[in-house]
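Read the structure below first, then the notes.
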Amino acid sequence: MSRSIRLLSIALVTLGPVEFGFAQDAMSGGATTVVIPRRQLSDRDAFSRPASNLSLTRRGNFFAGNSFFQNPWVTAPASTKARDGLGPLFNTMSCQSCHIKDGRGRPPRRGEEMISMLVRVSVPGDDGEATQRMLEKHGVVPEPTYGDQIQDRAVAGHAGEAKVEIEWTEIEGKFADGSTYRLRKPKVVLSDAAYGKLSDDVLTSPRVAPALIGAGLLDTIEVETLAAFVDPDDANGDGISGRFNQVWHVARGETVPGRFGWKCEQPDIRQQSAAAFAGDIGITSSVFPRDPLTDAQRSVIDAPNGGEPELSDEILDLIVFYCKTLAVPARRGHDDPVVLRGQQLFRQANCHACHVETLETGDDPRFPELSKQTIHPYTDLLLHDMGEGLADGRPVFEATGSEWRTPPLWGMGLVYLVNRHTNYLHDGRARNAEEAILWHGGEAESAKQYYVSCSADDRRAIVAFLKSL
């Protein structure tokens with residue numbers, strides 16, 4: 001099938017709740033939700049459809065943004081002026097390479113290069129004025145030689161920063177009924193450092209690419225709506241104490257609540273996208289106008305670039321439009337008795353205290369399709385302490401080494417269809433939904449223990465509910 005025909009087919013099957021008569025709680029993205037007919041549930045484009053209520057005129061912007069999202073950037077100078085300037089150091093050549101089919105990334109398999117995962121690095125800060133200024137605007141103190149991210153690839157004639165491998169340790173546990181389970185914990189191994197020795201006190205954190213569906217809806221939720229769930233001192237005594245991460249907004253030149261990234265380190269989709277271009281692809285923009293190179297990397301500083309900036313505001317706007325209008329698929333089997341039982345158990349375990357079921361979006365005149373929508377993302381977009389088991393020990397802005405953003409759960413049951421794996425959590429350590437639950441600790445320890453104490457049938461019901469999302 002040609003690409004143009006495939007894109008047309010995506011547009012034609014983007015149908016909303018009216019056509020199918022779905023229950024409102026199955027419409028995870030409100031009026032933007034797309035319903036995928038059963039005959040197309042083998043279609044890997046489940047996460048790549050435009051919002052159902054996006055007009056035909058506006059869909060032109062969606063598909064233009066999709067083109068720039070998918071196609072690779074090339075080394076400058078090149079005849080492809082709109083897409084040159086790759087690197088000189090980078091992790092990937094396109095947005096789609098990490099967010100494969102707009103879905104979730106995964107850790108590399110044995111002997112495989114990093115594809116949709118990267119490693120953040122930094123060093124501990126001190127109380128000095130220079131460090132505090134760095135923390136205010138960047139959130140971390142970059143590793144002196146390698147910055148805040150290992151870029152393991154480089155343009156011709158230069159070397160990637162280091163070789164990255166993941167080693168796994170198996171951990172065994174036991175359910176209350178006596179049956180056992182096995183978890184795995186990753187360890188980052190960096191070798192062949194090309195530009196000098198890494199700091200002895202380097203902090204590392206492996207991160208997989210998250211799914212992009214519904215990002216525009218999350219971007220449109222008003223801060224005041226999320227503030228209703230903030231409870232840093234656990235005033236209500238439920239053991240949950242979510243809070244905002246306060247991050248630097250480059251365009252506004254001020255500190256604001258973050259909501260994107262695994263530790264809520266970015267304030268909106270535009271800055272998140274520009275940061276990914278700079279760090280992952282080595283492409284500068286008006287938001288981040290300089291390549292993230294250190295003094296130790298002088299040998300690559302003078303490599304040819306694709307202009308200043310390499311990414312025009314026009315193209316960045318198209319990519320942001322694409323990311324903001326990617327639709328959330330409707331739930332499947334939401335009225336199945338086992339799924340309904342699982343939803344009841346999910347609530348009894350108090351999982352919904354963080355994975356908030358229903359939110360309202362605000363009003364954005366630029367995106368009326370996303371405005372005033374009742375959505376079911378199963379997130380509060382806040383930081384929560386998840387305990388030592390999941391801790392990476394690497395603070396970012398105000399997020400501690402054991403705090404993580406509550407990830408939205410919508411689309412969870414379609415990850416295997418889209419990405420051919422079921423790796424969850426920030427580093428993909430969980431090989432399925434059950435392992436993701438069993439890694440919960442800290443504020444979620446009681447919810448995990450509830451799951452551990454459940455019968456096998458109840459555990460299956462909870463997982464069936466998650467797969468219906």
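All residue names refer to the structure tokens as shown: chains lettered A, B, ... in order, residues numbered from 1 in each chain, ligands numbered from 1 in order.
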Tell me which protein, DNA and RNA residues are within 12 Å of A:Phe367, counting only C-alpha atoms, leaving out same-chain ones fewer than 3 positions away, and put them as a PDB file with N, CA and C atoms, in the first residue's frame.
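New file selection-v8.pdb:
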ATOM      1  N   THR A  32     -12.645  13.874  20.743  1.00  0.00           N
ATOM      2  CA  THR A  32     -11.483  13.626  19.882  1.00  0.00           C
ATOM      3  C   THR A  32     -11.230  12.137  19.674  1.00  0.00           C
ATOM      4  N   ALA A  51      -7.331  13.460  15.631  1.00  0.00           N
ATOM      5  CA  ALA A  51      -8.514  13.607  16.475  1.00  0.00           C
ATOM      6  C   ALA A  51      -9.771  13.489  15.628  1.00  0.00           C
ATOM      7  N   ASN A  53     -12.624  14.820  15.768  1.00  0.00           N
ATOM      8  CA  ASN A  53     -13.347  16.056  15.457  1.00  0.00           C
ATOM      9  C   ASN A  53     -12.482  17.078  14.731  1.00  0.00           C
ATOM     10  N   LEU A  54     -11.337  16.645  14.196  1.00  0.00           N
ATOM     11  CA  LEU A  54     -10.468  17.545  13.445  1.00  0.00           C
ATOM     12  C   LEU A  54     -11.026  17.704  12.031  1.00  0.00           C
ATOM     13  N   SER A  55     -11.245  18.931  11.600  1.00  0.00           N
ATOM     14  CA  SER A  55     -11.842  19.182  10.293  1.00  0.00           C
ATOM     15  C   SER A  55     -10.911  18.738   9.176  1.00  0.00           C
ATOM     16  N   ARG A  58      -8.119  21.205   8.647  1.00  0.00           N
ATOM     17  CA  ARG A  58      -7.066  21.126   9.673  1.00  0.00           C
ATOM     18  C   ARG A  58      -6.260  19.836   9.549  1.00  0.00           C
ATOM     19  N   GLY A 216      -2.043  16.379  23.403  1.00  0.00           N
ATOM     20  CA  GLY A 216      -2.641  17.707  23.292  1.00  0.00           C
ATOM     21  C   GLY A 216      -3.736  17.940  24.307  1.00  0.00           C
ATOM     22  N   LEU A 217      -4.497  16.898  24.613  1.00  0.00           N
ATOM     23  CA  LEU A 217      -5.531  17.022  25.642  1.00  0.00           C
ATOM     24  C   LEU A 217      -4.893  17.289  27.003  1.00  0.00           C
ATOM     25  N   ASP A 219      -2.067  18.701  27.484  1.00  0.00           N
ATOM     26  CA  ASP A 219      -1.495  20.042  27.407  1.00  0.00           C
ATOM     27  C   ASP A 219      -2.541  21.119  27.641  1.00  0.00           C
ATOM     28  N   THR A 220      -3.811  20.786  27.404  1.00  0.00           N
ATOM     29  CA  THR A 220      -4.895  21.766  27.465  1.00  0.00           C
ATOM     30  C   THR A 220      -5.559  21.821  28.837  1.00  0.00           C
ATOM     31  N   VAL A 320       4.331  20.226  16.365  1.00  0.00           N
ATOM     32  CA  VAL A 320       3.543  20.414  17.586  1.00  0.00           C
ATOM     33  C   VAL A 320       2.065  20.166  17.291  1.00  0.00           C
ATOM     34  N   PHE A 321       1.579  20.677  16.159  1.00  0.00           N
ATOM     35  CA  PHE A 321       0.183  20.448  15.769  1.00  0.00           C
ATOM     36  C   PHE A 321      -0.090  18.946  15.666  1.00  0.00           C
ATOM     37  N   TYR A 322       0.808  18.237  15.025  1.00  0.00           N
ATOM     38  CA  TYR A 322       0.650  16.787  14.876  1.00  0.00           C
ATOM     39  C   TYR A 322       0.585  16.105  16.243  1.00  0.00           C
ATOM     40  N   LYS A 324      -0.148  17.369  19.132  1.00  0.00           N
ATOM     41  CA  LYS A 324      -1.291  17.785  19.935  1.00  0.00           C
ATOM     42  C   LYS A 324      -2.595  17.153  19.463  1.00  0.00           C
ATOM     43  N   THR A 325      -2.686  16.786  18.186  1.00  0.00           N
ATOM     44  CA  THR A 325      -3.958  16.282  17.668  1.00  0.00           C
ATOM     45  C   THR A 325      -3.957  14.782  17.408  1.00  0.00           C
ATOM     46  N   THR A 361     -10.651  19.328  30.094  1.00  0.00           N
ATOM     47  CA  THR A 361      -9.669  20.217  29.469  1.00  0.00           C
ATOM     48  C   THR A 361     -10.163  21.660  29.543  1.00  0.00           C
ATOM     49  N   GLY A 362      -9.234  22.578  29.382  1.00  0.00           N
ATOM     50  CA  GLY A 362      -9.584  23.996  29.392  1.00  0.00           C
ATOM     51  C   GLY A 362     -10.002  24.472  28.013  1.00  0.00           C
ATOM     52  N   ASP A 363      -9.871  25.765  27.796  1.00  0.00           N
ATOM     53  CA  ASP A 363     -10.283  26.378  26.543  1.00  0.00           C
ATOM     54  C   ASP A 363      -9.050  26.921  25.833  1.00  0.00           C
ATOM     55  N   ASP A 364      -8.739  26.383  24.654  1.00  0.00           N
ATOM     56  CA  ASP A 364      -7.610  26.851  23.861  1.00  0.00           C
ATOM     57  C   ASP A 364      -8.137  27.268  22.494  1.00  0.00           C
ATOM     58  N   LEU A 370      -9.710  20.415  21.067  1.00  0.00           N
ATOM     59  CA  LEU A 370      -9.252  19.883  22.356  1.00  0.00           C
ATOM     60  C   LEU A 370      -9.932  20.560  23.539  1.00  0.00           C
ATOM     61  N   SER A 371     -10.639  21.620  23.280  1.00  0.00           N
ATOM     62  CA  SER A 371     -11.188  22.454  24.352  1.00  0.00           C
ATOM     63  C   SER A 371     -12.468  21.868  24.945  1.00  0.00           C
ATOM     64  N   LYS A 372     -12.590  22.050  26.264  1.00  0.00           N
ATOM     65  CA  LYS A 372     -13.806  21.678  27.003  1.00  0.00           C
ATOM     66  C   LYS A 372     -14.206  20.223  26.767  1.00  0.00           C
ATOM     67  N   GLN A 373     -13.227  19.347  26.847  1.00  0.00           N
ATOM     68  CA  GLN A 373     -13.477  17.923  26.661  1.00  0.00           C
ATOM     69  C   GLN A 373     -13.441  17.190  28.005  1.00  0.00           C
TER      70      GLN A 373
END
Item checked: Secondary structure check, alpha helix (DSSP H) residues of stretch 134-364 of chain A, as a ChimeraX atom specification -> /A:134-138,215-220,223-227,269-276,298-301,313-324,337-348
I need the residues from that last selection saved to file as a compact mmCIF listing (two decimals), in the first residue's frame (with N, CA and C atoms), if you can.
# COMPACT_ATOMS: atom_id res chain seq x y z
N MET A 134 22.14 27.18 37.36
CA MET A 134 22.04 26.07 36.43
C MET A 134 20.80 25.22 36.74
N LEU A 135 20.59 24.92 38.00
CA LEU A 135 19.44 24.10 38.40
C LEU A 135 18.12 24.80 38.10
N GLU A 136 18.09 26.11 38.27
CA GLU A 136 16.85 26.86 38.03
C GLU A 136 16.41 26.75 36.57
N LYS A 137 17.36 26.84 35.64
CA LYS A 137 16.99 26.89 34.23
C LYS A 137 17.13 25.56 33.50
N HIS A 138 17.92 24.64 34.03
CA HIS A 138 18.14 23.37 33.35
C HIS A 138 17.68 22.16 34.15
N ALA A 215 -1.64 13.67 23.93
CA ALA A 215 -0.75 14.66 24.55
C ALA A 215 -1.35 16.06 24.50
N GLY A 216 -2.04 16.38 23.40
CA GLY A 216 -2.64 17.71 23.29
C GLY A 216 -3.74 17.94 24.31
N LEU A 217 -4.50 16.90 24.61
CA LEU A 217 -5.53 17.02 25.64
C LEU A 217 -4.89 17.29 27.00
N LEU A 218 -3.81 16.58 27.31
CA LEU A 218 -3.11 16.80 28.58
C LEU A 218 -2.52 18.20 28.63
N ASP A 219 -2.07 18.70 27.48
CA ASP A 219 -1.50 20.04 27.41
C ASP A 219 -2.54 21.12 27.64
N THR A 220 -3.81 20.79 27.40
CA THR A 220 -4.90 21.77 27.46
C THR A 220 -5.56 21.82 28.84
N VAL A 223 -4.00 24.47 34.81
CA VAL A 223 -3.19 24.23 36.00
C VAL A 223 -4.09 24.13 37.23
N GLU A 224 -5.13 24.96 37.29
CA GLU A 224 -6.02 24.96 38.45
C GLU A 224 -6.72 23.62 38.62
N THR A 225 -7.01 22.94 37.52
CA THR A 225 -7.64 21.62 37.60
C THR A 225 -6.71 20.63 38.26
N LEU A 226 -5.44 20.64 37.85
CA LEU A 226 -4.45 19.73 38.43
C LEU A 226 -4.13 20.10 39.87
N ALA A 227 -4.17 21.38 40.17
CA ALA A 227 -3.84 21.84 41.53
C ALA A 227 -4.79 21.26 42.56
N ILE A 269 4.07 20.89 25.18
CA ILE A 269 4.49 20.06 24.05
C ILE A 269 5.53 20.78 23.19
N ARG A 270 5.39 22.07 23.01
CA ARG A 270 6.33 22.80 22.16
C ARG A 270 7.75 22.72 22.72
N GLN A 271 7.92 23.00 24.01
CA GLN A 271 9.26 22.94 24.59
C GLN A 271 9.75 21.49 24.66
N GLN A 272 8.87 20.56 24.96
CA GLN A 272 9.25 19.15 24.97
C GLN A 272 9.76 18.72 23.60
N SER A 273 9.07 19.14 22.54
CA SER A 273 9.47 18.77 21.18
C SER A 273 10.81 19.40 20.82
N ALA A 274 10.99 20.68 21.14
CA ALA A 274 12.24 21.36 20.82
C ALA A 274 13.40 20.75 21.59
N ALA A 275 13.16 20.36 22.83
CA ALA A 275 14.22 19.73 23.63
C ALA A 275 14.61 18.38 23.04
N ALA A 276 13.63 17.63 22.54
CA ALA A 276 13.93 16.34 21.91
C ALA A 276 14.72 16.53 20.63
N ARG A 298 35.17 19.81 21.45
CA ARG A 298 35.55 20.84 20.49
C ARG A 298 35.75 20.29 19.09
N SER A 299 36.15 19.02 19.00
CA SER A 299 36.42 18.44 17.69
C SER A 299 35.17 18.35 16.82
N VAL A 300 33.98 18.39 17.44
CA VAL A 300 32.75 18.31 16.64
C VAL A 300 32.01 19.64 16.58
N ILE A 301 32.45 20.63 17.33
CA ILE A 301 31.74 21.91 17.38
C ILE A 301 31.67 22.56 16.01
N ASP A 313 10.60 27.69 12.79
CA ASP A 313 9.40 27.76 13.63
C ASP A 313 8.20 27.17 12.90
N GLU A 314 8.15 27.33 11.58
CA GLU A 314 7.03 26.80 10.80
C GLU A 314 6.96 25.28 10.91
N ILE A 315 8.12 24.63 10.76
CA ILE A 315 8.13 23.17 10.85
C ILE A 315 7.88 22.72 12.28
N LEU A 316 8.47 23.42 13.26
CA LEU A 316 8.21 23.08 14.65
C LEU A 316 6.73 23.18 14.96
N ASP A 317 6.07 24.22 14.45
CA ASP A 317 4.63 24.39 14.69
C ASP A 317 3.84 23.23 14.09
N LEU A 318 4.24 22.75 12.92
CA LEU A 318 3.54 21.63 12.30
C LEU A 318 3.71 20.36 13.13
N ILE A 319 4.90 20.14 13.65
CA ILE A 319 5.15 18.95 14.47
C ILE A 319 4.36 19.04 15.77
N VAL A 320 4.33 20.23 16.37
CA VAL A 320 3.54 20.41 17.59
C VAL A 320 2.07 20.17 17.29
N PHE A 321 1.58 20.68 16.16
CA PHE A 321 0.18 20.45 15.77
C PHE A 321 -0.09 18.95 15.67
N TYR A 322 0.81 18.24 15.02
CA TYR A 322 0.65 16.79 14.88
C TYR A 322 0.59 16.10 16.24
N CYS A 323 1.53 16.43 17.11
CA CYS A 323 1.57 15.79 18.43
C CYS A 323 0.33 16.13 19.25
N LYS A 324 -0.15 17.37 19.13
CA LYS A 324 -1.29 17.78 19.93
C LYS A 324 -2.60 17.15 19.46
N PRO A 337 -17.96 -8.11 31.93
CA PRO A 337 -18.06 -8.29 33.39
C PRO A 337 -16.71 -8.41 34.08
N VAL A 338 -15.76 -9.08 33.47
CA VAL A 338 -14.43 -9.20 34.09
C VAL A 338 -13.74 -7.85 34.15
N VAL A 339 -13.87 -7.07 33.08
CA VAL A 339 -13.28 -5.73 33.05
C VAL A 339 -13.93 -4.84 34.11
N LEU A 340 -15.24 -4.91 34.23
CA LEU A 340 -15.94 -4.11 35.24
C LEU A 340 -15.52 -4.51 36.65
N ARG A 341 -15.31 -5.81 36.86
CA ARG A 341 -14.81 -6.27 38.16
C ARG A 341 -13.41 -5.72 38.40
N GLY A 342 -12.57 -5.73 37.38
CA GLY A 342 -11.23 -5.20 37.51
C GLY A 342 -11.22 -3.71 37.81
N GLN A 343 -12.16 -2.98 37.20
CA GLN A 343 -12.25 -1.54 37.48
C GLN A 343 -12.65 -1.30 38.94
N GLN A 344 -13.56 -2.11 39.45
CA GLN A 344 -13.97 -1.99 40.85
C GLN A 344 -12.78 -2.25 41.78
N LEU A 345 -11.99 -3.27 41.48
CA LEU A 345 -10.82 -3.60 42.30
C LEU A 345 -9.76 -2.51 42.19
N PHE A 346 -9.58 -1.94 41.00
CA PHE A 346 -8.66 -0.83 40.77
C PHE A 346 -8.99 0.33 41.71
N ARG A 347 -10.26 0.62 41.85
CA ARG A 347 -10.69 1.71 42.73
C ARG A 347 -10.54 1.32 44.20
N GLN A 348 -10.85 0.07 44.52
CA GLN A 348 -10.71 -0.36 45.92
C GLN A 348 -9.26 -0.30 46.38
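Ranking A:Ala211, A:Ile281, A:Leu86, A:Val287 by their shortest atom-to-atom distance to A:Ala251, with only C-alpha atoms included, puts A:Val287 first.
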Checklist line | Spatial neighbours of A:Glu357, 10 Å, only C-alpha atoms, chain gap at least 6 places, as a count of residues only | finding: 13
Notebook entry, point to check: Any idea what's packed within 8 Å of A:Pro292, counting only C-alpha atoms, ignoring anything in its chain fewer than 5 positions away? Could you give it as a VMD selection string?
Noted result: chain A and resid 147 278 to 279 282
Using C-alpha atoms, can you write the selected residues to a file as a PDB file, in the first residue's frame?
ATOM      1  CA  GLY A 147      26.189  17.025  29.185  1.00  0.00           C
ATOM      2  CA  ALA A 278      18.159  19.332  20.390  1.00  0.00           C
ATOM      3  CA  GLY A 279      19.095  16.387  22.580  1.00  0.00           C
ATOM      4  CA  GLY A 282      21.048  17.367  17.336  1.00  0.00           C
TER       5      GLY A 282
END
Check: Skipping near chain neighbours, those fewer than 3 positions away, what residues fall within 10 Å of stretch 188-197 of chain A using only C-alpha atoms, listed as a list in words?
Finding: Val119, Pro144, Thr145, Tyr146, Ile150, Asp152, His158, Ala159, Gly160, Glu161, Ala162, Lys163, Val164, Glu165, Ile166, Glu167, Trp168, Asp200, Thr204, Ser205, Pro206, Thr294, Asp295, Ala296, Gln297, Arg298 and Ser299 of chain A
Could you save those same residues with N, CA and C atoms as a tab-separated table (two decimals), in the first residue's frame?
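Output file again_15.tsv follows:
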chain	number	residue	atom	x	y	z
A	119	VAL	N	19.80	7.44	27.65
A	119	VAL	CA	20.27	7.52	29.04
A	119	VAL	C	20.56	8.97	29.39
A	144	PRO	N	30.20	17.13	33.19
A	144	PRO	CA	31.07	18.13	32.54
A	144	PRO	C	31.50	17.78	31.12
A	145	THR	N	31.69	16.52	30.82
A	145	THR	CA	32.17	16.11	29.50
A	145	THR	C	31.04	15.73	28.56
A	146	TYR	N	29.97	15.16	29.08
A	146	TYR	CA	28.93	14.58	28.23
A	146	TYR	C	27.56	15.24	28.35
A	150	ILE	N	23.51	10.91	27.08
A	150	ILE	CA	24.50	10.19	26.26
A	150	ILE	C	23.97	10.07	24.84
A	152	ASP	N	24.80	8.42	21.60
A	152	ASP	CA	25.68	7.31	21.25
A	152	ASP	C	25.97	7.21	19.75
A	158	HIS	N	33.14	11.49	13.00
A	158	HIS	CA	33.16	11.76	14.44
A	158	HIS	C	32.67	10.52	15.19
A	159	ALA	N	32.86	10.53	16.49
A	159	ALA	CA	32.50	9.38	17.32
A	159	ALA	C	31.32	9.70	18.21
A	160	GLY	N	30.42	8.72	18.36
A	160	GLY	CA	29.38	8.85	19.36
A	160	GLY	C	30.00	8.93	20.75
A	161	GLU	N	29.25	9.45	21.71
A	161	GLU	CA	29.84	9.72	23.02
A	161	GLU	C	30.27	8.46	23.75
A	162	ALA	N	29.48	7.41	23.69
A	162	ALA	CA	29.80	6.20	24.44
A	162	ALA	C	28.92	5.06	23.96
A	163	LYS	N	29.32	3.86	24.30
A	163	LYS	CA	28.50	2.68	24.05
A	163	LYS	C	27.63	2.45	25.28
A	164	VAL	N	26.36	2.19	25.05
A	164	VAL	CA	25.41	2.01	26.16
A	164	VAL	C	24.85	0.60	26.12
A	165	GLU	N	24.90	-0.07	27.25
A	165	GLU	CA	24.30	-1.39	27.38
A	165	GLU	C	23.47	-1.44	28.66
A	166	ILE	N	22.49	-2.31	28.66
A	166	ILE	CA	21.65	-2.51	29.85
A	166	ILE	C	21.84	-3.93	30.34
A	167	GLU	N	22.23	-4.07	31.61
A	167	GLU	CA	22.32	-5.37	32.24
A	167	GLU	C	21.13	-5.53	33.20
A	168	TRP	N	20.67	-6.76	33.34
A	168	TRP	CA	19.45	-7.01	34.12
A	168	TRP	C	19.74	-7.91	35.31
A	200	ASP	N	33.24	10.35	38.26
A	200	ASP	CA	33.03	9.22	39.17
A	200	ASP	C	31.66	9.26	39.83
A	204	THR	N	22.96	8.36	36.39
A	204	THR	CA	22.39	7.90	35.13
A	204	THR	C	20.94	7.51	35.31
A	205	SER	N	20.17	7.67	34.24
A	205	SER	CA	18.76	7.28	34.27
A	205	SER	C	18.32	6.87	32.87
A	206	PRO	N	18.06	5.58	32.64
A	206	PRO	CA	17.56	5.15	31.33
A	206	PRO	C	16.09	5.51	31.18
A	294	THR	N	29.81	20.15	24.85
A	294	THR	CA	30.65	20.63	25.94
A	294	THR	C	32.02	21.03	25.40
A	295	ASP	N	32.81	21.67	26.24
A	295	ASP	CA	34.15	22.09	25.83
A	295	ASP	C	35.01	20.90	25.42
A	296	ALA	N	34.76	19.74	26.01
A	296	ALA	CA	35.55	18.54	25.69
A	296	ALA	C	35.25	18.02	24.29
A	297	GLN	N	34.19	18.54	23.69
A	297	GLN	CA	33.78	18.05	22.37
A	297	GLN	C	34.08	19.08	21.28
A	298	ARG	N	35.17	19.81	21.45
A	298	ARG	CA	35.55	20.84	20.49
A	298	ARG	C	35.75	20.29	19.09
A	299	SER	N	36.15	19.02	19.00
A	299	SER	CA	36.42	18.44	17.69
A	299	SER	C	35.17	18.35	16.82
Note to self: Env of stretch 122-124 of chain A: 6 Å cut, atoms = only C-alpha atoms, seq-sep filter 4 positions within chain, self excluded. Answer as a ChimeraX atom specification.
What the structure shows: /A:141-143,148,202-203
Okay, now the selection with C-alpha atoms, as a PDB file, in the first residue's frame?
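The resulting result.pdb:
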ATOM      1  CA  VAL A 141      23.976  19.927  36.640  1.00  0.00           C
ATOM      2  CA  PRO A 142      25.206  18.368  33.368  1.00  0.00           C
ATOM      3  CA  GLU A 143      28.067  15.886  33.443  1.00  0.00           C
ATOM      4  CA  ASP A 148      22.808  15.731  30.304  1.00  0.00           C
ATOM      5  CA  VAL A 202      27.815  10.531  37.418  1.00  0.00           C
ATOM      6  CA  LEU A 203      24.084   9.944  37.853  1.00  0.00           C
TER       7      LEU A 203
END
Next item on the list: Would you kindly return, as JSON, numbers by chain, each protein, DNA or RNA residue with an atom no farther than 9 Å from any atom of A:Pro108, considering only C-alpha atoms and excluding same-chain residues fewer than 4 positions away?
Entry: {"A": [112, 113, 114, 115, 116, 117, 165, 166]}
Margin query: When DSSP is applied to the backbone of this structure, which of stretch 210-418 of chain A are assigned strand (DSSP E or B)? Write them out as a VMD selection string.
Written below: chain A and resid 243 246 to 249 254 to 257 260 266 326 329 359 to 360 374 to 375 383 to 385 396 399 403 to 405
Resulting file, chosen residues, C-alpha atoms, as a PDB file, in the first residue's frame:
ATOM      1  CA  ARG A 243       2.929  17.707  43.833  1.00  0.00           C
ATOM      2  CA  GLN A 246       8.440  23.564  39.008  1.00  0.00           C
ATOM      3  CA  VAL A 247      10.387  23.909  35.746  1.00  0.00           C
ATOM      4  CA  TRP A 248      11.833  26.622  33.532  1.00  0.00           C
ATOM      5  CA  HIS A 249       9.649  27.800  30.645  1.00  0.00           C
ATOM      6  CA  GLU A 254       9.779  32.000  34.217  1.00  0.00           C
ATOM      7  CA  THR A 255       9.231  28.957  36.392  1.00  0.00           C
ATOM      8  CA  VAL A 256       5.945  27.103  35.847  1.00  0.00           C
ATOM      9  CA  PRO A 257       4.479  23.682  36.724  1.00  0.00           C
ATOM     10  CA  PHE A 260       5.574  16.326  30.306  1.00  0.00           C
ATOM     11  CA  GLN A 266       8.892  20.060  30.514  1.00  0.00           C
ATOM     12  CA  LEU A 326      -2.972  12.605  17.843  1.00  0.00           C
ATOM     13  CA  PRO A 329      -8.461   5.186  20.724  1.00  0.00           C
ATOM     14  CA  LEU A 359     -10.492  15.306  33.907  1.00  0.00           C
ATOM     15  CA  GLU A 360     -11.766  18.328  32.004  1.00  0.00           C
ATOM     16  CA  THR A 374     -14.316  15.341  29.330  1.00  0.00           C
ATOM     17  CA  ILE A 375     -11.457  12.861  29.133  1.00  0.00           C
ATOM     18  CA  LEU A 383       4.971  13.831  40.869  1.00  0.00           C
ATOM     19  CA  HIS A 384       4.710  10.965  43.345  1.00  0.00           C
ATOM     20  CA  ASP A 385       7.355   9.219  45.411  1.00  0.00           C
ATOM     21  CA  VAL A 396      15.416  17.007  37.969  1.00  0.00           C
ATOM     22  CA  ALA A 399      11.637  16.173  41.410  1.00  0.00           C
ATOM     23  CA  GLU A 403       9.635  10.798  42.253  1.00  0.00           C
ATOM     24  CA  TRP A 404       7.955  10.149  38.907  1.00  0.00           C
ATOM     25  CA  ARG A 405       5.043  11.580  36.975  1.00  0.00           C
TER      26      ARG A 405
END
